[in-house]
Structure formats: C-alpha cells, structure tokens
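Right, one structure below, let's go through it.
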Amino acid sequence: MTDRTLRQTADLRALRFDDRGLVPVVTQDAASGAVLMVAWANREALALSLDTGFMHYWSRSRKALWKKGETSGNLQTVRSLHADCDADTVLARVTMDGPACHTGEATCFGELPAGDAPDPAGAGSHADGSAGGSAVLDELWGVLQDRDRERPEGSWTTRLLSDENLRLKKLGEETVELVTALVRGDERASEEAADLVYHVMVALKGAGREWDEVLAELARRRR
C-alpha cells in the first residue's frame with residue numbers, strides 16, 4: 001500500500017498547493033472516523049501542525065494562521081497527516097478536545113439522522129452499509145472519469161491510466177498486501193482493502209470497462 005503519510009516538514013514538498021499557496025484539509029476523528037470539519041492550510045500551517053502536534057490552519061477571510069482551539073480550548077491533537085493520491089488534499093486524523101464546530105456542535109456538519117449515522121465498522125452510512133458504500137464508490141468512479149477525461153499532470157491516477165503495465169503491476173501488489181494484512185490480522189487490512197478497490201476501479205477504467213457493468217453483474221448473481 002502506498003504510504004502518503006506526512007511525517008515531517010520535508011514531506012510537505014510533495015504537496016501541490018493551489019495558486020494561493022493553499023490546500024484543503026479534511027479533519028477526521030482518529031477514533032470514530034467521523035469527519036469533523038474542512039478547512040484550508042498553507043505550508044506554514046501544516047509545518048506548525050507537525051512541529052507542535054496541534055492542528056493549525058489558514059483563515060482565508062482574516063488572511064492569517066490560526067491554531068484550532070487557541071481561544072475556545074477545543075484543541076485538535078494531531079495523530080497523523082496524509083496526502084491524497086493527487087497530493088492536493090490533506091487528511092488530518094486528530095483527537096478532538098471538545099466540539100469541532102464554532103456553533104458548539106460536535107462536527108461542522110451537524111447531527112446526522114439516526115439511520116445515516118456513521119457506521120463504526122466503516123460499512124457505510126446506512127444500517128446495512130449498502131447505500132452509503134454505493135454512494136462512495138459512485139463518487140470515486142466519477143472522479144476517475146474526470147481524471148480520464150482531463151488527464152491532469154502530476155496525478156497518480158493519470159499515470160495509472162496512461163500506463164497499462166504500471167496499473168496491472170499495482171493491482172497485483174495491492175492484492176498481495178491485502179492478503180498479507182489479513183493473514184497477519186493487521187488492523188490496517190481495511191486500508192489495504194480500500195487501496196485494492198481503488199486500483200481495481202482504475203484498472204477497469206483503463207481497460208474501457210464501466211463500473212455499472214460490475215454492479216449489474218453483482219445484481220445478477222444476487223438474483
């Protein structure tokens with residue numbers, strides 16, 4: 001599995017900041033997996049987050065750095081930072097001390113209906129995991145379609161779609177890594193599975209197949 005963890009300030013050189021010098025940061029509760037908030041950060045904010053162990057962001061309205069919880073006391077302790085596959089978004093896994101939202105709610109997205117509450121097992125947003133999981137996969141397929149059409153430079157997905165040998169090689173590697181994690185009882189098995197699903201979908205797109213074909217085949221087998 002590709003390790004995109006940002007462990008030290010030197011790792012920030014791999015990020016693709018926009019023309020304002022910013023990247024979006026998706027902040028997630030490290031224990032529950034709940035998405036707490038989305039904010040922006042520049043290189044200095046991320047460097048401070050790594051150096052101090054507390055999340056820092058960039059305020060576009062105030063044009064200034066800010067430490068989460070500096071005035072409210074609702075600090076975010078950094079557990080890990082990760083770049084996404086295109087290196088233009090950061091996932092921050094944190095431990096939250098108090099509510100994440102300035103309104104006093106636990107997350108900036110409010111309270112979800114009971115049937116749509118995050119599944120602690122990661123199955124999906126509905127009780128049986130079907131609708132939520134399907135929505136995530138449909139969204140991922142949409143992203144792959146965009147990458148296939150636009151072929152942005154520096155995108156890992158673009159590299160895979162442009163190189164059949166590379167994407168099939170990675171598909172094999174991710175399969176082995178998932179099997180190894182399962183055999184060892186590694187707690188990262190779910191992450192390995194997510195990597196494999198991504199590479200399966202890229203391989204399908206690269207071969208000119210459609211995700212709907214897979215869903216249709218699964219539906220046929222269920223019947």
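So you can find residues: chains in the structure tokens are A, B, ... in the order shown, residues in each start at 1, and ligands are numbered from 1 in order.
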
### Query
What's the 10 Å shell around stretch 61-69 of chain A, counting only C-alpha atoms, without same-chain residues fewer than 3 positions away, as number ranges by chain?
A: 40-42, 44-45, 48-49, 54-58, 72-77, 96-100, 102

Generate a file of the selected residues that holds N, CA and C atoms, formatted as an mmCIF file, in the first residue's frame.
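What landed in again10.cif:
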```cif
data_model
loop_
_atom_site.group_PDB
_atom_site.id
_atom_site.type_symbol
_atom_site.label_atom_id
_atom_site.label_comp_id
_atom_site.auth_asym_id
_atom_site.auth_seq_id
_atom_site.Cartn_x
_atom_site.Cartn_y
_atom_site.Cartn_z
ATOM 1 N N TRP A 40 -8.746 25.157 5.354
ATOM 2 C CA TRP A 40 -7.625 25.362 4.450
ATOM 3 C C TRP A 40 -6.331 25.499 5.242
ATOM 4 N N ALA A 41 -5.244 25.132 4.615
ATOM 5 C CA ALA A 41 -3.936 25.276 5.252
ATOM 6 C C ALA A 41 -2.895 25.630 4.198
ATOM 7 N N ASN A 42 -1.909 26.414 4.615
ATOM 8 C CA ASN A 42 -0.751 26.645 3.757
ATOM 9 C C ASN A 42 0.414 25.823 4.304
ATOM 10 N N GLU A 44 3.040 26.692 5.945
ATOM 11 C CA GLU A 44 3.425 27.043 7.309
ATOM 12 C C GLU A 44 2.474 26.430 8.335
ATOM 13 N N ALA A 45 1.178 26.442 8.029
ATOM 14 C CA ALA A 45 0.196 25.871 8.955
ATOM 15 C C ALA A 45 0.423 24.380 9.141
ATOM 16 N N LEU A 48 3.572 23.815 11.217
ATOM 17 C CA LEU A 48 3.293 24.040 12.637
ATOM 18 C C LEU A 48 2.518 22.868 13.234
ATOM 19 N N SER A 49 1.609 22.313 12.454
ATOM 20 C CA SER A 49 0.831 21.155 12.922
ATOM 21 C C SER A 49 1.755 19.978 13.219
ATOM 22 N N PHE A 54 -0.370 20.064 17.261
ATOM 23 C CA PHE A 54 -1.733 20.592 17.293
ATOM 24 C C PHE A 54 -2.070 21.180 15.919
ATOM 25 N N MET A 55 -3.314 20.993 15.480
ATOM 26 C CA MET A 55 -3.691 21.431 14.139
ATOM 27 C C MET A 55 -3.703 22.939 14.019
ATOM 28 N N HIS A 56 -3.093 23.421 12.942
ATOM 29 C CA HIS A 56 -3.108 24.827 12.554
ATOM 30 C C HIS A 56 -3.688 24.921 11.148
ATOM 31 N N TYR A 57 -4.371 26.013 10.867
ATOM 32 C CA TYR A 57 -4.992 26.220 9.563
ATOM 33 C C TYR A 57 -4.698 27.644 9.078
ATOM 34 N N TRP A 58 -5.199 27.945 7.877
ATOM 35 C CA TRP A 58 -5.085 29.290 7.332
ATOM 36 C C TRP A 58 -6.487 29.847 7.129
ATOM 37 N N SER A 72 -10.898 28.925 22.138
ATOM 38 C CA SER A 72 -12.015 28.161 22.715
ATOM 39 C C SER A 72 -11.553 27.042 23.647
ATOM 40 N N GLY A 73 -10.292 26.603 23.467
ATOM 41 C CA GLY A 73 -9.798 25.466 24.234
ATOM 42 C C GLY A 73 -10.101 24.128 23.580
ATOM 43 N N ASN A 74 -10.823 24.158 22.440
ATOM 44 C CA ASN A 74 -11.187 22.924 21.733
ATOM 45 C C ASN A 74 -10.056 22.526 20.780
ATOM 46 N N LEU A 75 -8.968 22.089 21.356
ATOM 47 C CA LEU A 75 -7.773 21.771 20.586
ATOM 48 C C LEU A 75 -7.932 20.477 19.797
ATOM 49 N N GLN A 76 -7.168 20.381 18.724
ATOM 50 C CA GLN A 76 -7.107 19.154 17.929
ATOM 51 C C GLN A 76 -5.679 18.627 17.989
ATOM 52 N N THR A 77 -5.495 17.497 18.652
ATOM 53 C CA THR A 77 -4.183 16.863 18.723
ATOM 54 C C THR A 77 -3.958 16.025 17.473
ATOM 55 N N MET A 96 -10.007 15.091 19.190
ATOM 56 C CA MET A 96 -10.676 16.365 19.435
ATOM 57 C C MET A 96 -10.930 16.566 20.915
ATOM 58 N N ASP A 97 -10.562 17.725 21.414
ATOM 59 C CA ASP A 97 -10.832 18.089 22.809
ATOM 60 C C ASP A 97 -11.986 19.084 22.805
ATOM 61 N N GLY A 98 -13.219 18.554 22.901
ATOM 62 C CA GLY A 98 -14.393 19.404 22.810
ATOM 63 C C GLY A 98 -14.978 19.377 21.412
ATOM 64 N N PRO A 99 -16.004 20.205 21.154
ATOM 65 C CA PRO A 99 -16.641 20.225 19.837
ATOM 66 C C PRO A 99 -15.735 20.818 18.773
ATOM 67 N N ALA A 100 -15.915 20.367 17.531
ATOM 68 C CA ALA A 100 -15.101 20.878 16.430
ATOM 69 C C ALA A 100 -15.672 22.161 15.846
ATOM 70 N N HIS A 102 -17.638 25.852 15.632
ATOM 71 C CA HIS A 102 -17.748 27.073 16.430
ATOM 72 C C HIS A 102 -19.152 27.255 17.003
#
```

### Task
Can you pull out every residue within 8 Å of A:Val25, counting only C-alpha atoms, but drop anything in the same chain fewer than 4 positions away, and send it as a list in words?
Val38, Ala39, Trp40, Ala41, Thr89, Val90, Leu91 and Ala92 of chain A

Would you list the contacts of A:Thr157 as a PDB file with C-alpha atoms, in the first residue's frame, taking every protein, DNA or RNA residue within 8 Å and counting only C-alpha atoms, but skipping same-chain residues closer than 6 positions in sequence?
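Generated file (result.pdb):
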```pdb
ATOM      1  CA  CYS A  85      -3.373  10.350  -4.305  1.00  0.00           C
ATOM      2  CA  ASP A  86      -3.148  13.647  -6.229  1.00  0.00           C
ATOM      3  CA  LEU A 144     -11.821   8.514 -12.190  1.00  0.00           C
ATOM      4  CA  ARG A 147      -9.170  12.126 -14.436  1.00  0.00           C
ATOM      5  CA  VAL A 202      -8.668   2.305 -12.166  1.00  0.00           C
TER       6      VAL A 202
END
```

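Note that atom CA of A:Leu12 and atom CA of A:His82 are 10.1 Å apart.
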
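Between A:Leu161 and the residues A:Arg13, A:His199, A:Arg4, A:Arg220, the shortest atom-to-atom distance, using only C-alpha atoms, involves A:His199.
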
#### Entry: Neighbour list for A:Leu168 as a list of chain:residue names, cut-off 10 Å, only C-alpha atoms, skip fewer than 2 positions in-chain
A:Leu160, A:Asp163, A:Glu164, A:Asn165, A:Leu166, A:Lys170, A:Leu171, A:Gly172, A:Glu173, A:Glu174, A:His199, A:Val200, A:Val202, A:Ala203, A:Gly206

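Taking atom CA of A:Leu15 and atom CA of A:Trp141 as the two end points, the separation is 23.3 Å.
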